[in-house]
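Peer 1: Here you go, protein32.cif (mmCIF, C-alpha atoms):
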data_query
loop_
_atom_site.label_atom_id
_atom_site.label_comp_id
_atom_site.auth_asym_id
_atom_site.auth_seq_id
_atom_site.Cartn_x
_atom_site.Cartn_y
_atom_site.Cartn_z
CA MET A 540 -144.88 -131.61 39.42
CA ASN A 541 -141.94 -132.12 37.07
CA THR A 542 -139.25 -133.94 39.08
CA THR A 543 -136.42 -132.80 36.78
CA THR A 544 -137.50 -129.15 37.06
CA THR A 545 -137.76 -129.44 40.83
CA ARG A 546 -134.29 -130.97 41.14
CA SER A 547 -132.83 -128.28 38.88
CA ALA A 548 -134.37 -125.50 41.00
CA GLN A 549 -133.21 -127.20 44.21
CA LEU A 550 -129.67 -127.52 42.86
CA LYS A 551 -129.53 -123.84 41.90
CA MET A 552 -130.98 -122.68 45.23
CA SER A 553 -128.54 -124.89 47.12
CA THR A 554 -125.62 -123.60 45.04
CA PHE A 555 -126.62 -120.00 45.70
CA ILE A 556 -126.69 -120.65 49.45
CA PHE A 557 -123.34 -122.48 49.20
CA LEU A 558 -121.73 -119.53 47.39
CA PHE A 559 -123.23 -116.94 49.73
CA PHE A 560 -121.74 -118.59 52.82
CA PHE A 561 -118.46 -119.36 51.05
CA THR A 562 -118.17 -115.69 50.09
CA TRP A 563 -118.65 -114.35 53.58
CA SER A 564 -116.77 -117.10 55.42
CA SER A 565 -113.69 -116.29 53.34
CA SER A 566 -113.45 -112.87 54.98
CA PHE A 567 -116.02 -112.33 57.73
CA GLY A 568 -115.19 -115.60 59.47
CA LEU A 569 -111.97 -113.96 60.68
CA TYR A 570 -113.48 -110.51 61.26
CA ALA A 571 -112.62 -110.30 64.97
CA LEU A 572 -109.02 -111.35 64.28
CA TRP A 573 -108.78 -108.77 61.47
CA LEU A 574 -110.01 -106.00 63.78
CA SER A 575 -107.58 -107.07 66.51
CA GLN A 576 -104.42 -108.17 64.68
CA LYS A 577 -104.48 -106.15 61.45
CA VAL A 578 -106.31 -102.96 62.44
CA GLY A 579 -105.07 -103.00 66.05
CA LEU A 580 -108.28 -102.31 67.97
CA ASP A 581 -108.57 -103.23 71.66
CA SER A 582 -111.31 -105.39 73.23
CA ILE A 583 -113.57 -102.50 74.25
CA THR A 584 -113.36 -100.87 70.81
CA ILE A 585 -114.03 -104.19 69.10
CA GLY A 586 -117.05 -104.60 71.39
CA SER A 587 -118.21 -101.15 70.29
CA VAL A 588 -117.74 -102.16 66.62
CA PHE A 589 -120.04 -105.14 67.11
CA ALA A 590 -122.49 -102.96 69.05
CA ILE A 591 -122.77 -100.39 66.23
CA ASN A 592 -122.98 -103.23 63.72
CA GLY A 593 -125.88 -104.47 65.82
CA VAL A 594 -127.64 -101.09 65.69
CA PHE A 595 -127.59 -101.07 61.90
CA ALA A 596 -128.56 -104.73 61.75
CA VAL A 597 -131.56 -104.11 64.01
CA ILE A 598 -132.67 -101.27 61.72
CA LEU A 599 -132.11 -103.01 58.38
CA LYS A 600 -133.26 -106.55 59.17
CA PRO A 601 -136.93 -105.62 59.72
CA ILE A 602 -136.79 -103.46 56.57
CA TYR A 603 -135.47 -106.43 54.60
CA GLY A 604 -138.15 -108.64 56.17
CA TYR A 605 -140.94 -106.21 55.26
CA ILE A 606 -139.61 -105.99 51.69
CA MET A 607 -139.45 -109.81 51.46
CA ASP A 608 -143.10 -110.11 52.52
CA LYS A 609 -144.01 -107.41 49.98
CA ILE A 610 -142.22 -108.95 47.00
CA GLY A 611 -142.88 -112.64 47.69
CA MET A 612 -140.53 -114.77 45.61
CA SER A 613 -139.09 -111.88 43.59
CA LYS A 614 -135.28 -111.90 43.71
CA TRP A 615 -134.35 -108.23 43.30
CA LEU A 616 -133.45 -107.78 46.99
CA LEU A 617 -131.08 -110.75 46.75
CA TYR A 618 -129.57 -109.23 43.57
CA PHE A 619 -128.77 -106.14 45.64
CA VAL A 620 -127.15 -108.28 48.36
CA CYS A 621 -124.98 -109.96 45.71
CA ALA A 622 -123.85 -106.56 44.40
CA VAL A 623 -122.91 -105.38 47.90
CA SER A 624 -120.97 -108.61 48.51
CA ALA A 625 -119.01 -108.14 45.29
CA LEU A 626 -117.66 -104.85 46.63
CA MET A 627 -116.04 -106.51 49.66
CA ALA A 628 -112.39 -106.27 48.54
CA PRO A 629 -112.36 -102.59 47.55
CA PHE A 630 -114.47 -101.66 50.58
CA PHE A 631 -112.34 -103.37 53.25
CA VAL A 632 -108.99 -102.39 51.71
CA PHE A 633 -109.61 -98.85 50.46
CA VAL A 634 -112.44 -97.61 52.69
CA TYR A 635 -112.98 -99.55 55.92
CA GLN A 636 -109.45 -100.12 57.23
CA PRO A 637 -108.16 -96.60 56.41
CA LEU A 638 -111.18 -95.03 58.13
CA LEU A 639 -110.82 -97.23 61.23
CA LEU A 640 -107.18 -96.10 61.50
CA SER A 641 -107.70 -92.38 60.83
CA HIS A 642 -111.33 -91.64 61.80
CA THR A 643 -112.37 -94.58 63.96
CA THR A 644 -115.93 -93.50 64.72
CA ILE A 645 -116.75 -92.73 61.08
CA GLY A 646 -115.13 -96.02 60.03
CA ILE A 647 -117.23 -97.98 62.53
CA VAL A 648 -120.46 -96.38 61.25
CA ILE A 649 -119.66 -96.82 57.54
CA GLY A 650 -118.54 -100.40 58.14
CA ALA A 651 -121.70 -101.19 60.09
CA LEU A 652 -123.87 -99.93 57.22
CA TYR A 653 -121.98 -101.98 54.64
CA LEU A 654 -121.88 -105.18 56.70
CA SER A 655 -125.57 -104.90 57.56
CA LEU A 656 -126.58 -104.48 53.91
CA GLY A 657 -124.41 -107.38 52.76
CA TRP A 658 -124.10 -109.83 55.63
CA TYR A 659 -126.22 -109.19 58.73
CA ALA A 660 -129.46 -108.45 56.88
CA GLY A 661 -128.31 -110.16 53.68
CA VAL A 662 -127.88 -113.60 55.24
CA ALA A 663 -131.26 -113.30 56.95
CA ALA A 664 -132.96 -112.42 53.66
CA SER A 665 -131.19 -115.32 51.91
CA GLU A 666 -132.23 -117.81 54.59
CA SER A 667 -135.80 -116.53 54.61
CA TYR A 668 -135.97 -116.90 50.83
CA ALA A 669 -134.53 -120.43 51.07
CA ASP A 670 -137.14 -121.33 53.71
CA ARG A 671 -139.97 -120.17 51.44
CA PHE A 672 -138.43 -121.95 48.49
CA SER A 673 -138.18 -125.22 50.42
CA ARG A 674 -141.81 -125.04 51.55
CA LEU A 675 -143.03 -124.18 48.04
CA TYR A 676 -141.32 -127.33 46.73
CA ASN A 677 -142.24 -129.46 49.79
CA LEU A 678 -138.58 -129.79 50.80
CA GLU A 679 -136.90 -129.55 54.19
CA PHE A 680 -135.20 -126.17 54.77
CA GLY A 681 -132.26 -128.00 56.35
CA ARG A 682 -131.58 -129.84 53.08
CA ILE A 683 -131.07 -126.44 51.40
CA ARG A 684 -129.35 -124.61 54.25
CA MET A 685 -126.84 -127.41 54.84
CA TRP A 686 -125.03 -126.37 51.64
CA GLY A 687 -124.39 -123.01 53.29
CA SER A 688 -122.66 -124.89 56.09
CA LEU A 689 -120.53 -126.71 53.53
CA GLY A 690 -119.67 -123.41 51.84
CA TRP A 691 -118.62 -121.92 55.16
CA ALA A 692 -116.54 -125.02 55.94
CA MET A 693 -114.72 -125.04 52.61
CA ALA A 694 -113.86 -121.36 52.87
CA ALA A 695 -112.80 -121.72 56.51
CA SER A 696 -110.38 -124.50 55.55
CA VAL A 697 -108.24 -122.01 53.64
CA SER A 698 -109.20 -118.64 55.14
CA GLY A 699 -106.77 -118.88 58.09
CA ILE A 700 -103.87 -119.66 55.77
CA LEU A 701 -104.79 -116.82 53.42
CA PHE A 702 -105.21 -114.46 56.37
CA ASN A 703 -101.68 -115.20 57.63
CA PHE A 704 -100.39 -114.44 54.13
CA THR A 705 -102.47 -111.29 53.60
CA PRO A 706 -106.14 -110.43 54.33
CA MET A 707 -106.29 -108.94 50.83
CA ALA A 708 -106.39 -112.51 49.47
CA ASN A 709 -109.48 -113.25 51.61
CA PHE A 710 -111.28 -110.15 50.36
CA LEU A 711 -110.44 -110.79 46.71
CA LEU A 712 -111.70 -114.36 46.98
CA SER A 713 -114.96 -113.09 48.49
CA SER A 714 -115.53 -110.53 45.75
CA GLY A 715 -114.84 -113.12 43.05
CA THR A 716 -117.29 -115.71 44.37
CA SER A 717 -119.96 -112.99 44.74
CA VAL A 718 -120.07 -112.71 40.95
CA LEU A 719 -120.68 -116.46 40.65
CA MET A 720 -123.37 -116.15 43.30
CA LEU A 721 -125.16 -113.47 41.27
CA LEU A 722 -125.03 -115.54 38.07
CA MET A 723 -126.50 -118.57 39.86
CA LEU A 724 -129.33 -116.47 41.29
CA ILE A 725 -130.16 -115.08 37.84
CA SER A 726 -130.47 -118.61 36.47
CA LEU A 727 -132.88 -119.72 39.26
CA LYS A 728 -136.52 -119.80 38.12
CA ILE A 729 -139.45 -120.60 40.41
CA GLY A 730 -142.07 -122.78 38.69
CA ASP A 731 -145.57 -121.43 38.00
CA ALA A 732 -147.07 -124.47 39.73
CA GLN A 733 -145.32 -123.48 42.95
CA LEU A 734 -146.28 -119.79 42.73
CA HIS A 735 -150.01 -120.43 42.36
CA SER A 736 -152.37 -121.93 44.94
CA ASN A 737 -149.68 -122.37 47.60
CA ASN A 738 -149.87 -122.04 51.38
CA VAL A 739 -146.55 -120.18 51.70
CA ILE A 740 -146.97 -116.80 49.97
CA SER A 741 -149.91 -114.69 51.07
CA ASP A 742 -152.28 -113.42 48.36
CA SER A 743 -152.74 -110.13 50.21
CA LYS A 744 -149.43 -108.35 50.81
CA ILE A 745 -148.23 -107.09 54.15
CA VAL A 746 -149.07 -103.54 55.26
CA PHE A 747 -147.59 -101.58 58.16
CA LYS A 748 -150.63 -102.29 60.33
CA ASP A 749 -149.71 -106.00 60.21
CA VAL A 750 -146.34 -105.19 61.78
CA ILE A 751 -148.08 -103.29 64.59
CA LEU A 752 -150.38 -106.28 65.20
CA LEU A 753 -147.35 -108.55 65.29
CA LEU A 754 -145.72 -106.35 67.93
CA GLN A 755 -148.91 -106.55 70.02
CA ASN A 756 -148.88 -110.34 69.91
CA ARG A 757 -147.87 -112.07 73.17
CA LYS A 758 -146.30 -114.96 71.25
CA PHE A 759 -143.93 -112.52 69.55
CA TRP A 760 -142.58 -111.34 72.90
CA MET A 761 -142.37 -114.80 74.45
CA PHE A 762 -140.35 -115.95 71.44
CA SER A 763 -138.19 -112.82 71.73
CA LEU A 764 -137.56 -113.63 75.40
CA TYR A 765 -136.05 -116.95 74.37
CA VAL A 766 -133.88 -115.19 71.79
CA ALA A 767 -132.70 -112.68 74.40
CA GLY A 768 -131.74 -115.32 76.94
CA VAL A 769 -130.30 -118.05 74.71
CA ALA A 770 -129.42 -116.74 71.24
CA TRP A 771 -127.86 -113.56 72.64
CA MET A 772 -125.45 -115.59 74.76
CA MET A 773 -124.71 -117.97 71.90
CA PHE A 774 -123.86 -115.35 69.28
CA ILE A 775 -122.22 -112.72 71.48
CA ALA A 776 -119.90 -115.31 73.01
CA GLU A 777 -118.92 -116.33 69.47
CA GLN A 778 -118.06 -112.79 68.37
CA GLN A 779 -114.73 -112.67 70.18
CA PHE A 780 -114.30 -116.41 70.72
CA PRO A 781 -111.48 -116.49 68.10
CA ARG A 782 -109.36 -114.30 70.39
CA TYR A 783 -109.95 -116.64 73.33
CA PHE A 784 -109.25 -119.70 71.22
CA VAL A 785 -105.97 -118.30 69.85
CA SER A 786 -104.76 -117.67 73.43
CA PHE A 787 -104.51 -121.45 73.99
CA PHE A 788 -101.67 -121.73 71.46
CA ALA A 789 -97.98 -120.79 71.52
CA THR A 790 -98.25 -118.21 68.71
CA LYS A 791 -101.07 -116.22 67.10
CA GLU A 792 -100.22 -117.70 63.70
CA GLN A 793 -100.59 -121.24 65.03
CA GLY A 794 -103.86 -120.31 66.71
CA ASN A 795 -105.19 -118.64 63.55
CA ALA A 796 -104.44 -121.72 61.48
CA TRP A 797 -106.03 -124.10 63.99
CA TYR A 798 -109.05 -121.85 64.29
CA GLY A 799 -109.49 -122.12 60.53
CA TYR A 800 -109.17 -125.91 60.62
CA LEU A 801 -111.68 -126.27 63.45
CA SER A 802 -114.07 -123.83 61.81
CA THR A 803 -114.07 -126.30 58.95
CA VAL A 804 -114.88 -129.15 61.36
CA GLN A 805 -117.58 -126.99 62.96
CA SER A 806 -119.20 -126.22 59.61
CA GLY A 807 -118.90 -129.87 58.60
CA THR A 808 -120.73 -130.78 61.81
CA GLU A 809 -123.37 -128.21 60.93
CA PHE A 810 -123.66 -129.68 57.42
CA ILE A 811 -124.29 -133.18 58.78
CA MET A 812 -126.68 -131.96 61.48
CA MET A 813 -128.75 -130.05 58.90
CA MET A 814 -129.55 -133.42 57.31
CA PHE A 815 -130.69 -135.15 60.50
CA ILE A 816 -132.04 -132.45 62.81
CA PRO A 817 -135.18 -131.79 60.68
CA TRP A 818 -136.23 -135.35 61.50
CA LEU A 819 -135.49 -134.77 65.19
CA VAL A 820 -137.47 -131.51 65.29
CA ASN A 821 -140.37 -133.09 63.38
CA GLN A 822 -140.41 -135.95 65.90
CA TYR A 823 -140.39 -133.83 69.05
CA GLY A 824 -141.67 -130.43 67.87
CA ALA A 825 -140.07 -127.04 67.31
CA LYS A 826 -140.46 -125.95 70.95
CA LYS A 827 -138.45 -128.91 72.25
CA GLY A 828 -135.88 -128.26 69.52
CA LEU A 829 -135.43 -124.70 70.85
CA LEU A 830 -135.16 -125.94 74.44
CA PHE A 831 -132.59 -128.58 73.54
CA CYS A 832 -130.58 -125.92 71.71
CA GLY A 833 -130.58 -123.78 74.85
CA MET A 834 -129.21 -126.68 76.91
CA VAL A 835 -126.39 -127.27 74.41
CA VAL A 836 -125.52 -123.55 74.35
CA GLY A 837 -125.35 -123.34 78.14
CA ALA A 838 -123.27 -126.51 78.46
CA ARG A 839 -120.81 -125.43 75.73
CA LEU A 840 -120.20 -121.98 77.23
CA ILE A 841 -119.73 -123.31 80.76
CA ALA A 842 -117.34 -125.99 79.48
CA SER A 843 -115.42 -123.31 77.54
CA GLY A 844 -115.00 -121.32 80.75
CA LEU A 845 -113.82 -124.30 82.80
CA THR A 846 -111.17 -125.75 80.47
CA THR A 847 -107.52 -124.75 80.18
CA ASP A 848 -106.61 -127.45 77.66
CA PRO A 849 -106.22 -126.61 73.92
CA VAL A 850 -107.41 -130.13 73.03
CA VAL A 851 -110.62 -129.73 75.05
CA ILE A 852 -111.38 -126.26 73.66
CA SER A 853 -110.82 -127.71 70.18
CA ILE A 854 -113.36 -130.45 70.89
CA ILE A 855 -115.87 -127.94 72.29
CA LYS A 856 -115.76 -125.53 69.35
CA PRO A 857 -117.55 -127.75 66.75
CA LEU A 858 -120.60 -127.97 69.07
CA TYR A 859 -121.50 -124.52 67.75
CA GLY A 860 -122.46 -126.28 64.52
CA VAL A 861 -124.98 -128.41 66.41
CA GLU A 862 -126.44 -125.29 68.03
CA ILE A 863 -126.82 -123.43 64.74
CA SER A 864 -128.61 -126.37 63.11
CA LEU A 865 -130.99 -126.86 66.03
CA LEU A 866 -131.71 -123.16 66.32
CA LEU A 867 -132.33 -122.35 62.65
CA ILE A 868 -134.51 -125.36 61.87
CA SER A 869 -136.53 -125.00 65.08
CA VAL A 870 -136.99 -121.24 64.56
CA PHE A 871 -138.34 -121.57 61.01
CA LYS A 872 -140.70 -124.39 62.00
CA TYR A 873 -141.87 -122.51 65.09
CA ILE A 874 -142.59 -119.35 63.08
CA ALA A 875 -144.40 -121.25 60.30
CA GLU A 876 -146.57 -122.98 62.91
CA HIS A 877 -147.52 -120.01 65.06
CA PHE A 878 -147.44 -116.92 62.81
CA HIS A 879 -149.39 -116.02 59.68
CA LYS A 880 -147.73 -116.41 56.29
CA LYS A 881 -148.34 -112.73 55.48
CA VAL A 882 -145.77 -111.73 58.14
CA ASN A 883 -143.50 -114.78 57.85
CA ALA A 884 -140.34 -113.01 56.68
CA THR A 885 -141.00 -109.99 58.90
CA MET A 886 -141.34 -112.26 61.94
CA TYR A 887 -138.08 -114.02 61.11
CA LEU A 888 -136.07 -110.85 60.45
CA LEU A 889 -137.66 -108.81 63.26
CA GLY A 890 -138.52 -111.33 65.98
CA TYR A 891 -135.41 -113.48 65.52
CA GLN A 892 -132.70 -111.82 63.44
CA ALA A 893 -133.15 -108.22 64.63
CA MET A 894 -133.63 -109.36 68.22
CA ILE A 895 -130.29 -111.17 68.04
CA TYR A 896 -128.54 -107.90 67.21
CA VAL A 897 -130.36 -105.99 69.90
CA GLY A 898 -128.15 -108.24 72.01
CA SER A 899 -125.08 -106.89 70.26
CA ILE A 900 -126.13 -103.37 71.23
CA VAL A 901 -126.99 -104.22 74.84
CA VAL A 902 -124.58 -107.03 75.75
CA ALA A 903 -121.52 -106.86 73.44
CA PRO A 904 -119.87 -103.77 75.04
CA PRO A 905 -120.30 -105.08 78.64
CA ALA A 906 -119.06 -108.48 77.46
CA GLY A 907 -115.98 -106.83 75.97
CA TYR A 908 -115.43 -105.04 79.29
CA LEU A 909 -115.78 -108.30 81.23
CA TYR A 910 -113.33 -110.08 78.92
CA ASP A 911 -110.67 -107.54 79.91
CA ARG A 912 -111.64 -107.28 83.60
CA ILE A 913 -112.42 -110.84 84.70
CA GLY A 914 -111.23 -112.84 81.67
CA PHE A 915 -112.95 -114.89 79.00
CA GLU A 916 -113.27 -117.89 81.32
CA HIS A 917 -115.44 -116.25 83.99
CA THR A 918 -117.44 -114.32 81.40
CA TYR A 919 -118.34 -117.55 79.59
CA LEU A 920 -119.41 -119.14 82.87
CA LEU A 921 -121.83 -116.25 83.44
CA MET A 922 -123.16 -116.38 79.89
CA GLY A 923 -123.64 -120.16 79.96
CA SER A 924 -125.55 -119.95 83.24
CA CYS A 925 -127.77 -117.24 81.76
CA ALA A 926 -128.56 -119.42 78.73
CA LEU A 927 -129.59 -122.32 80.96
CA LEU A 928 -131.78 -120.07 83.12
CA PHE A 929 -133.67 -118.68 80.12
CA THR A 930 -134.05 -122.17 78.67
CA LEU A 931 -135.82 -123.17 81.87
CA ILE A 932 -138.06 -120.08 81.69
CA SER A 933 -138.89 -120.83 78.05
CA THR A 934 -140.31 -124.23 78.94
CA PHE A 935 -143.25 -122.26 80.36
CA THR A 936 -143.39 -119.27 77.98
CA LEU A 937 -142.98 -120.78 74.49
CA SER A 938 -146.13 -122.14 72.81
CA ARG A 939 -146.62 -125.85 72.34
CA CYS A 940 -145.75 -127.24 68.88
CA ARG A 941 -147.05 -130.27 67.02
CA SER A 942 -144.81 -133.28 66.56
CA ALA A 943 -144.87 -136.73 65.01
CA ARG A 944 -145.08 -138.16 68.53
CA ASP A 945 -148.42 -136.38 69.08
CA VAL A 946 -150.26 -138.61 66.60
CA ALA A 947 -152.04 -140.39 69.43
CA THR A 948 -153.22 -137.08 70.91
CA PRO A 949 -153.32 -134.58 68.04
CA PHE A 950 -153.84 -130.90 68.60
CA THR A 951 -154.32 -127.84 66.43
CA PRO A 952 -151.92 -124.97 67.16
CA VAL A 953 -153.33 -121.46 67.26
CA LEU A 954 -151.95 -119.79 64.15
CA ASP A 955 -151.88 -116.03 64.60
CA ALA A 956 -153.65 -114.29 61.75
CA VAL A 957 -154.20 -110.75 60.54
CA PRO A 958 -157.64 -109.27 59.85
CA ALA A 959 -157.05 -108.88 56.12
CA GLU A 960 -156.58 -112.62 55.58
CA PRO A 961 -157.72 -114.79 58.52
CA SER A 962 -156.07 -118.13 59.03
CA LYS A 963 -157.83 -121.22 57.73
CA HIS A 964 -156.21 -123.47 60.33
#
Would you give me this structure, written as structure tokens?

Peer 2:
Amino acid sequence: MNTTTTRSAQLKMSTFIFLFFFTWSSSFGLYALWLSQKVGLDSITIGSVFAINGVFAVILKPIYGYIMDKIGMSKWLLYFVCAVSALMAPFFVFVYQPLLLSHTTIGIVIGALYLSLGWYAGVAASESYADRFSRLYNLEFGRIRMWGSLGWAMAASVSGILFNFTPMANFLLSSGTSVLMLLMLISLKIGDAQLHSNNVISDSKIVFKDVILLLQNRKFWMFSLYVAGVAWMMFIAEQQFPRYFVSFFATKEQGNAWYGYLSTVQSGTEFIMMMFIPWLVNQYGAKKGLLFCGMVVGARLIASGLTTDPVVISIIKPLYGVEISLLLISVFKYIAEHFHKKVNATMYLLGYQAMIYVGSIVVAPPAGYLYDRIGFEHTYLLMGSCALLFTLISTFTLSRCRSARDVATPFTPVLDAVPAEPSKH
């Protein structure tokens, strides 16, 4: 394998991921604040916005996953995502905000479709592609994905300031970097040596029957149970966390700025963790990585509900970066170990990504109601306790994973296969 060619491909893939997260962090990182402060929606309506976003995400993520498994390492789906991202400024300014103000329901639906095509399903497709790329080149996914964390951090460092000036600046920055993202993707070429005789891309392409078999698999539902109990709490709590965080400060402007600064610290934490957590997960196995993530999620949410100090809440916020790193790396390793490569992307976008946004449909509106009725503090205590409970349950329901510490007593995991191409493991 040509080392120079490999490094060039890795650099381009890493730059694409960096630009993708920079693009969306510039605007979407302050989405809840934009809906609240600039559009003027209340908590229940914002909860409904996230719920409808979740409906479209649940529909489009499996479609993107199925397409990814069909096209292998072809990039045309990612080209489409880049094009959608480039339209962010005109969409938010001339379509989304006016519709939310004049025809709220129509605006929510149109916005959900756009955001699902570009961000919700788009980020999942980008991460799935990066995971395949890393395994084709015998790299750690975390060493590619960490550049997305850096991109989010760099954008977050200025997004709060731009937002206080005018959200238009955020949207224009996002549209501009989308063009750079597209150009970088066009220049990325996957080597012939990686595309032939690999153990990542299936020779026989996915068919709809494979999806049905996946849905009949017990491991699919046990993994989904973990997502429902832990990842739902983690992501839904984060949706309106900016509003809670801002309430600790004397003015909204001061809170917005500090939220931007700490989002940078959070993403920087995520960047560093993406370098080291692959080693940790390799040492102890993907299952233990998922369980440890659940413990951190529960502890962070309970601590968020107990504190009244802006310094403490500022210290707590960056822990989200640790959770994201643990979750993503453990999820990809767990899926690669227990599910067949033919349905790899479908499993990620359906069993993980789509299941996350089922939570937005089911839990986000009640969470919004609870925020108004009993306050953020008590709601976070409930959500943190739920995450810890499901972590405990998952110790019995998730399948065992191999680890470097199992060398003395090796085992062979059962890799779920499909009839068309049985597993060789």

Peer 1: Of the candidates A:Val632, A:Ile852, A:Leu865, A:Ile900, which one gets nearest to Val785 (chain A) if we count only C-alpha atoms?

Peer 2: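 Of A:Val632, A:Ile852, A:Leu865, A:Ile900, the one nearest Val785 (chain A), counting only C-alpha atoms, is A:Ile852.
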
Peer 1: Hey, which of A:Leu819, A:Ala625, A:Ala664, A:Ile683 ends up closest to Leu599 (chain A)? Count only C-alpha atoms.

Peer 2: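 Answer, going by the shortest atom-to-atom distance: A:Ala664.
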
Peer 1: Figure out the distance between CA of Val597 (chain A) and CA of Tyr896 (chain A), please, to one decimal in Å.

Peer 2: 5.8 Å

Peer 1: Just how far from CA of Gly890 (chain A) is CA of Gln755 (chain A), in Å to one decimal?

Peer 2: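 So the two atoms, CA of Gln755 (chain A) and CA of Gly890 (chain A), lie 12.1 Å apart.
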
Peer 1: Check what the PyMOL selection byres ((chain A and resi 777) around 12) selects in the file above and give those residues as a PyMOL selection string.

Peer 2: chain A and resi 568-571+589+770-776+778-784+802+836+839-840+843+856-860+862-863+899+903+906-907+915+919+922

Peer 1: What are the nearest atom pairs, with distances in Å to one decimal, for all residues of region 728-779 of chain A that come at most 10 Å from region 923-941 of chain A, using all atoms listed in the file, set out by chain and rising residue number as JSON lines?

Peer 2:
{"residue": "A:Arg757", "atom": "CA", "partner": "A:Thr936", "partner_atom": "CA", "distance": 9.7}
{"residue": "A:Lys758", "atom": "CA", "partner": "A:Ser938", "partner_atom": "CA", "distance": 7.3}
{"residue": "A:Phe759", "atom": "CA", "partner": "A:Leu937", "partner_atom": "CA", "distance": 9.7}
{"residue": "A:Trp760", "atom": "CA", "partner": "A:Thr936", "partner_atom": "CA", "distance": 9.5}
{"residue": "A:Met761", "atom": "CA", "partner": "A:Thr936", "partner_atom": "CA", "distance": 5.8}
{"residue": "A:Phe762", "atom": "CA", "partner": "A:Leu937", "partner_atom": "CA", "distance": 6.3}
{"residue": "A:Ser763", "atom": "CA", "partner": "A:Leu937", "partner_atom": "CA", "distance": 9.7}
{"residue": "A:Leu764", "atom": "CA", "partner": "A:Ser933", "partner_atom": "CA", "distance": 7.8}
{"residue": "A:Tyr765", "atom": "CA", "partner": "A:Ser933", "partner_atom": "CA", "distance": 6.1}
{"residue": "A:Val766", "atom": "CA", "partner": "A:Phe929", "partner_atom": "CA", "distance": 9.0}
{"residue": "A:Ala767", "atom": "CA", "partner": "A:Phe929", "partner_atom": "CA", "distance": 8.3}
{"residue": "A:Gly768", "atom": "CA", "partner": "A:Phe929", "partner_atom": "CA", "distance": 5.0}
{"residue": "A:Val769", "atom": "CA", "partner": "A:Ala926", "partner_atom": "CA", "distance": 4.6}
{"residue": "A:Ala770", "atom": "CA", "partner": "A:Ala926", "partner_atom": "CA", "distance": 8.0}
{"residue": "A:Trp771", "atom": "CA", "partner": "A:Ala926", "partner_atom": "CA", "distance": 8.5}
{"residue": "A:Met772", "atom": "CA", "partner": "A:Ala926", "partner_atom": "CA", "distance": 6.3}
{"residue": "A:Met773", "atom": "CA", "partner": "A:Ala926", "partner_atom": "CA", "distance": 8.0}
{"residue": "A:Ala776", "atom": "CA", "partner": "A:Gly923", "partner_atom": "CA", "distance": 9.3}

Peer 1: Which residues fall under the PyMOL selection byres ((chain A and resi 693) around 12) in this file, as a PyMOL selection string?

Peer 2: chain A and resi 557-558+560-565+568+686-692+694-699+799-807+810

Peer 1: Take the residues from that selection and write them out as a PDB file, in the coordinates of the input, keeping C-alpha atoms.

Peer 2:
ATOM      1  CA  PHE A 557    -123.340-122.480  49.200  1.00  0.00           C
ATOM      2  CA  LEU A 558    -121.730-119.530  47.390  1.00  0.00           C
ATOM      3  CA  PHE A 560    -121.740-118.590  52.820  1.00  0.00           C
ATOM      4  CA  PHE A 561    -118.460-119.360  51.050  1.00  0.00           C
ATOM      5  CA  THR A 562    -118.170-115.690  50.090  1.00  0.00           C
ATOM      6  CA  TRP A 563    -118.650-114.350  53.580  1.00  0.00           C
ATOM      7  CA  SER A 564    -116.770-117.100  55.420  1.00  0.00           C
ATOM      8  CA  SER A 565    -113.690-116.290  53.340  1.00  0.00           C
ATOM      9  CA  GLY A 568    -115.190-115.600  59.470  1.00  0.00           C
ATOM     10  CA  TRP A 686    -125.030-126.370  51.640  1.00  0.00           C
ATOM     11  CA  GLY A 687    -124.390-123.010  53.290  1.00  0.00           C
ATOM     12  CA  SER A 688    -122.660-124.890  56.090  1.00  0.00           C
ATOM     13  CA  LEU A 689    -120.530-126.710  53.530  1.00  0.00           C
ATOM     14  CA  GLY A 690    -119.670-123.410  51.840  1.00  0.00           C
ATOM     15  CA  TRP A 691    -118.620-121.920  55.160  1.00  0.00           C
ATOM     16  CA  ALA A 692    -116.540-125.020  55.940  1.00  0.00           C
ATOM     17  CA  ALA A 694    -113.860-121.360  52.870  1.00  0.00           C
ATOM     18  CA  ALA A 695    -112.800-121.720  56.510  1.00  0.00           C
ATOM     19  CA  SER A 696    -110.380-124.500  55.550  1.00  0.00           C
ATOM     20  CA  VAL A 697    -108.240-122.010  53.640  1.00  0.00           C
ATOM     21  CA  SER A 698    -109.200-118.640  55.140  1.00  0.00           C
ATOM     22  CA  GLY A 699    -106.770-118.880  58.090  1.00  0.00           C
ATOM     23  CA  GLY A 799    -109.490-122.120  60.530  1.00  0.00           C
ATOM     24  CA  TYR A 800    -109.170-125.910  60.620  1.00  0.00           C
ATOM     25  CA  LEU A 801    -111.680-126.270  63.450  1.00  0.00           C
ATOM     26  CA  SER A 802    -114.070-123.830  61.810  1.00  0.00           C
ATOM     27  CA  THR A 803    -114.070-126.300  58.950  1.00  0.00           C
ATOM     28  CA  VAL A 804    -114.880-129.150  61.360  1.00  0.00           C
ATOM     29  CA  GLN A 805    -117.580-126.990  62.960  1.00  0.00           C
ATOM     30  CA  SER A 806    -119.200-126.220  59.610  1.00  0.00           C
ATOM     31  CA  GLY A 807    -118.900-129.870  58.600  1.00  0.00           C
ATOM     32  CA  PHE A 810    -123.660-129.680  57.420  1.00  0.00           C
TER      33      PHE A 810
END

Peer 1: Provide the CA of Gln549 (chain A) to CA of Tyr676 (chain A) distance in Å, to one decimal place.

Peer 2: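 Result for CA of Gln549 (chain A) versus CA of Tyr676 (chain A): 8.5 Å, one decimal.
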